[in-house]
Amino acid sequence: MTASHTPAGEDPQYPQDREYIVGAPHAPVGPQVDPLAAIRSADDPPWDVYLTGTVFLDIVFTGLDSAPVRGTESWARGMGSSPGGVANMATALARLGLRTCLAAAFGDDHYGEYCWDALEQGEGIDLSPSRTVPGWHSPVTVSMAYEGERTMVSHGHEPPPEEPAPDCPPRARAAVASLTPGHRAPWIAQAARQGTRVFGDVGWDETGAWDLAGLADLEHCEAFLPNAEEAMRYTRTDCPRTAAHALTEFVPVAVVTLGSEGAYAVDRRTGEAAEVPAIAVEALDPTGAGDVFVAGFVTGSLAGWPLADRLAFAGLTAALSVQEFGGSLSAPGWSEIAAWWRRVQSVDGQDPAALRRYAFLDRLVPEACGEPWPRRRAVPTIGFRRSA
């Protein structure tokens, strides 16, 4: 599947030259699809997904010809700013139609105000468990994207010790938890006890131990979603598919992302295994693609889709996200998913088997979602006065 996702009027050869100006912050986000409409009831928890973590302000430079060289100045042809960190996941979930609740600390500086406004007013994310910390400046990450990769520099200080909402999370269908080696987060066990389905992801183990026993909260997870290198290190295997099967001794569902090869997953409860190839796209900025992948997989899991459909949808949403600036505001909505599905079917020479892999989208993207609408995108400069 190789169809591109280039907005009308844009030169597809030079997407890195783009800079986005956002419109009114309270503008409606356009037609929406509720992927859980068929299973909603009066007894549902108030939220579909609960998250907690750190919100960064991301400043992204793209269109670099190469990595910055020590002692020289590099000019980027594109730039964008957007909420980052846990905001990447929260925005991706909300744009897929899930009722999303986020507990996070926000600085009382302009960056913090911008991130709060972008998430609450722009994306409809519930921030009632979040708080603004007086005198605390927002964490910042500068990301440089080049040659399909990224290099990041971050700065921030620990907020005061009072966490936003760790020990008593609100009732939700699901929660996404970032697992930390050697550390338990009390809220994860609490969420699992009240029936929340926990999806765990993980970062690079800086300790070098790569010990699954150190991921104590994995016992509360329904699914674990590492990348191939992480999965192989944790299982002491040399094949990511073998690693996925090994992980199901510790968690019911193991999903291993394979980079340009796609993703592989195993469900111990049903005996299912599935592999879906990646969608070939020209990447502008890979920031947050992993978060978007997890959001797509969580969406399909809550909706009860087959394992292969969940993998395909997660890969599709991640592929669409890397063609835009910024981690959070690059996440696709249903209109963009629908536009891609219609466009890819019209491309001559598509493999019929590849098209059938995404045929489940037919029941999800009604005609009303066919036309793209202006979305909030990463902006080159935040803080401009808005016209009345």
# chains A, B, ... in the order shown; residues from 1 in each chain; ligands from 1

$ residues_around --residues "Val294 (chain A)" --least-positions-apart "4" --cutoff "12 Å" --atoms "only C-alpha atoms" --output "JSON, numbers by chain"
{"A": [88, 89, 90, 91, 92, 93, 96, 175, 176, 177, 178, 198, 199, 200, 201, 202, 223, 224, 225, 226, 227, 255, 256, 257, 263, 288, 289, 290, 298, 299, 300, 301, 310, 311, 312, 313, 314, 315, 316, 317, 318, 331]}

$ residues_around --residues "Pro181 (chain A)" --least-positions-apart "5" --cutoff "8 Å" --atoms "only C-alpha atoms" --output "VMD selection string"
chain A and resid 205 211 214 to 216

$ select_by_dssp --residues "region 26-219 of chain A" --states "helix (DSSP H, G or I)" --output "ChimeraX atom specification"
/A:37-39,86-95,110-123,186-193,212-214,216-219

$ closest_residue --among "A:Arg70, A:Arg95, A:Arg363, A:Arg40" --to "Trp334 (chain A)" --atoms "only C-alpha atoms"
A:Arg95

$ residues_around --residues "Val140 (chain A)" --least-positions-apart "6" --cutoff "12 Å" --atoms "only C-alpha atoms" --output "compact mmCIF listing (two decimals) with C-alpha atoms, in the first residue's frame"
# COMPACT_ATOMS: atom_id res chain seq x y z
CA THR A 54 4.21 14.53 31.77
CA VAL A 55 3.13 17.06 29.13
CA PHE A 56 5.99 18.71 27.25
CA LEU A 57 5.98 21.58 24.82
CA ASP A 58 7.48 20.07 21.66
CA ILE A 59 9.38 22.28 19.23
CA VAL A 60 10.09 20.32 16.06
CA SER A 81 5.24 23.58 18.03
CA SER A 82 2.67 21.41 19.80
CA PRO A 83 1.93 19.68 23.11
CA GLY A 84 4.08 16.57 23.53
CA GLY A 85 4.89 13.82 25.99
CA PHE A 106 1.02 21.99 33.76
CA GLY A 107 3.32 24.95 34.24
CA ASP A 109 3.79 29.87 32.07
CA TYR A 111 3.70 27.20 27.33
CA GLY A 112 1.55 25.52 29.96
CA CYS A 115 -0.80 23.10 26.06
CA MET A 152 15.80 15.27 20.76
CA VAL A 153 17.02 17.58 23.50
CA SER A 154 14.75 18.04 26.54
CA HIS A 155 14.75 20.25 29.60
CA GLY A 156 12.50 20.26 32.65
CA HIS A 157 12.27 20.10 36.43

$ select_by_dssp --residues "region 60-114 of chain A" --states "strand (DSSP E or B)" --output "VMD selection string"
chain A and resid 60 to 62 78 to 85 100 to 103 105 to 107

$ residues_around --residues "Arg236 (chain A)" --least-positions-apart "3" --cutoff "12 Å" --atoms "only C-alpha atoms" --output "tab-separated table (two decimals) with N, CA and C atoms, in the first residue's frame"
chain	number	residue	atom	x	y	z
A	209	ALA	N	19.44	-3.80	32.47
A	209	ALA	CA	19.11	-5.11	33.03
A	209	ALA	C	18.17	-5.89	32.12
A	210	TRP	N	17.23	-5.23	31.52
A	210	TRP	CA	16.25	-5.87	30.65
A	210	TRP	C	15.65	-7.12	31.32
A	211	ASP	N	15.10	-6.88	32.50
A	211	ASP	CA	14.55	-7.95	33.33
A	211	ASP	C	13.03	-7.76	33.41
A	212	LEU	N	12.28	-8.72	32.86
A	212	LEU	CA	10.82	-8.61	32.90
A	212	LEU	C	10.29	-8.59	34.33
A	228	ALA	N	10.59	-3.99	18.55
A	228	ALA	CA	11.27	-5.27	18.33
A	228	ALA	C	12.53	-5.39	19.20
A	229	GLU	N	13.34	-4.33	19.24
A	229	GLU	CA	14.58	-4.40	20.01
A	229	GLU	C	14.29	-4.60	21.49
A	230	GLU	N	13.31	-3.87	22.01
A	230	GLU	CA	12.96	-4.02	23.42
A	230	GLU	C	12.44	-5.42	23.70
A	231	ALA	N	11.57	-5.93	22.84
A	231	ALA	CA	11.00	-7.26	23.05
A	231	ALA	C	12.07	-8.33	23.06
A	232	MET	N	13.03	-8.25	22.13
A	232	MET	CA	14.08	-9.26	22.07
A	232	MET	C	15.01	-9.18	23.28
A	233	ARG	N	15.32	-7.98	23.73
A	233	ARG	CA	16.19	-7.85	24.90
A	233	ARG	C	15.50	-8.39	26.15
A	239	CYS	N	14.69	-13.05	17.63
A	239	CYS	CA	13.63	-12.89	16.63
A	239	CYS	C	12.44	-12.20	17.30
A	240	PRO	N	11.97	-11.08	16.74
A	240	PRO	CA	10.86	-10.36	17.39
A	240	PRO	C	9.57	-11.18	17.46
A	242	THR	N	9.40	-14.51	17.80
A	242	THR	CA	9.62	-15.43	18.92
A	242	THR	C	9.48	-14.68	20.24
A	243	ALA	N	9.96	-13.46	20.27
A	243	ALA	CA	9.84	-12.65	21.48
A	243	ALA	C	8.38	-12.39	21.84
A	244	ALA	N	7.55	-12.12	20.83
A	244	ALA	CA	6.13	-11.87	21.09
A	244	ALA	C	5.49	-13.08	21.76
A	246	ALA	N	7.01	-15.37	23.50
A	246	ALA	CA	7.57	-15.51	24.84
A	246	ALA	C	6.92	-14.54	25.82
A	247	LEU	N	6.59	-13.36	25.36
A	247	LEU	CA	5.98	-12.36	26.24
A	247	LEU	C	4.60	-12.77	26.72

$ closest_residue --among "A:Pro332, A:Pro306, A:Gly259, A:Pro139" --to "Val292 (chain A)" --atoms "only C-alpha atoms"
A:Pro332

$ decode --residues "region 139-189 of chain A" --atoms "C-alpha atoms" --output "compact mmCIF listing (two decimals), in the first residue's frame"
# COMPACT_ATOMS: atom_id res chain seq x y z
CA PRO A 139 9.12 20.90 30.27
CA VAL A 140 10.35 21.50 26.72
CA THR A 141 11.68 19.15 24.04
CA VAL A 142 13.39 20.28 20.86
CA SER A 143 13.22 17.59 18.18
CA MET A 144 15.18 17.57 14.92
CA ALA A 145 13.85 15.29 12.19
CA TYR A 146 16.11 14.18 9.34
CA GLU A 147 16.67 11.07 7.24
CA GLY A 148 13.54 9.47 8.70
CA GLU A 149 14.92 9.68 12.23
CA ARG A 150 14.88 12.25 15.02
CA THR A 151 17.23 13.63 17.64
CA MET A 152 15.80 15.27 20.76
CA VAL A 153 17.02 17.58 23.50
CA SER A 154 14.75 18.04 26.54
CA HIS A 155 14.75 20.25 29.60
CA GLY A 156 12.50 20.26 32.65
CA HIS A 157 12.27 20.10 36.43
CA GLU A 158 10.35 17.69 38.63
CA PRO A 159 7.00 19.18 39.69
CA PRO A 160 6.17 19.32 43.42
CA PRO A 161 5.65 15.83 44.87
CA GLU A 162 1.84 15.92 44.88
CA GLU A 163 0.84 13.84 41.88
CA PRO A 164 -2.25 14.84 39.84
CA ALA A 165 -4.30 11.69 40.46
CA PRO A 166 -2.11 8.62 40.91
CA ASP A 167 -3.67 6.43 43.60
CA CYS A 168 -7.34 6.76 42.71
CA PRO A 169 -7.81 7.04 38.95
CA PRO A 170 -11.30 7.66 37.58
CA ARG A 171 -13.30 4.71 36.26
CA ALA A 172 -12.46 4.08 32.62
CA ARG A 173 -12.73 1.26 30.13
CA ALA A 174 -8.98 1.35 29.56
CA ALA A 175 -5.78 3.00 30.67
CA VAL A 176 -2.44 3.33 28.91
CA ALA A 177 0.50 3.01 31.28
CA SER A 178 4.17 3.65 30.65
CA LEU A 179 5.97 0.92 32.59
CA THR A 180 9.20 1.82 34.38
CA PRO A 181 11.79 -0.86 35.26
CA GLY A 182 12.13 -1.30 39.02
CA HIS A 183 9.20 0.94 39.83
CA ARG A 184 5.54 0.33 40.66
CA ALA A 185 2.92 2.98 39.95
CA PRO A 186 0.13 2.45 42.50
CA TRP A 187 -2.56 3.81 40.21
CA ILE A 188 -2.05 0.94 37.73
CA ALA A 189 -3.02 -1.75 40.24
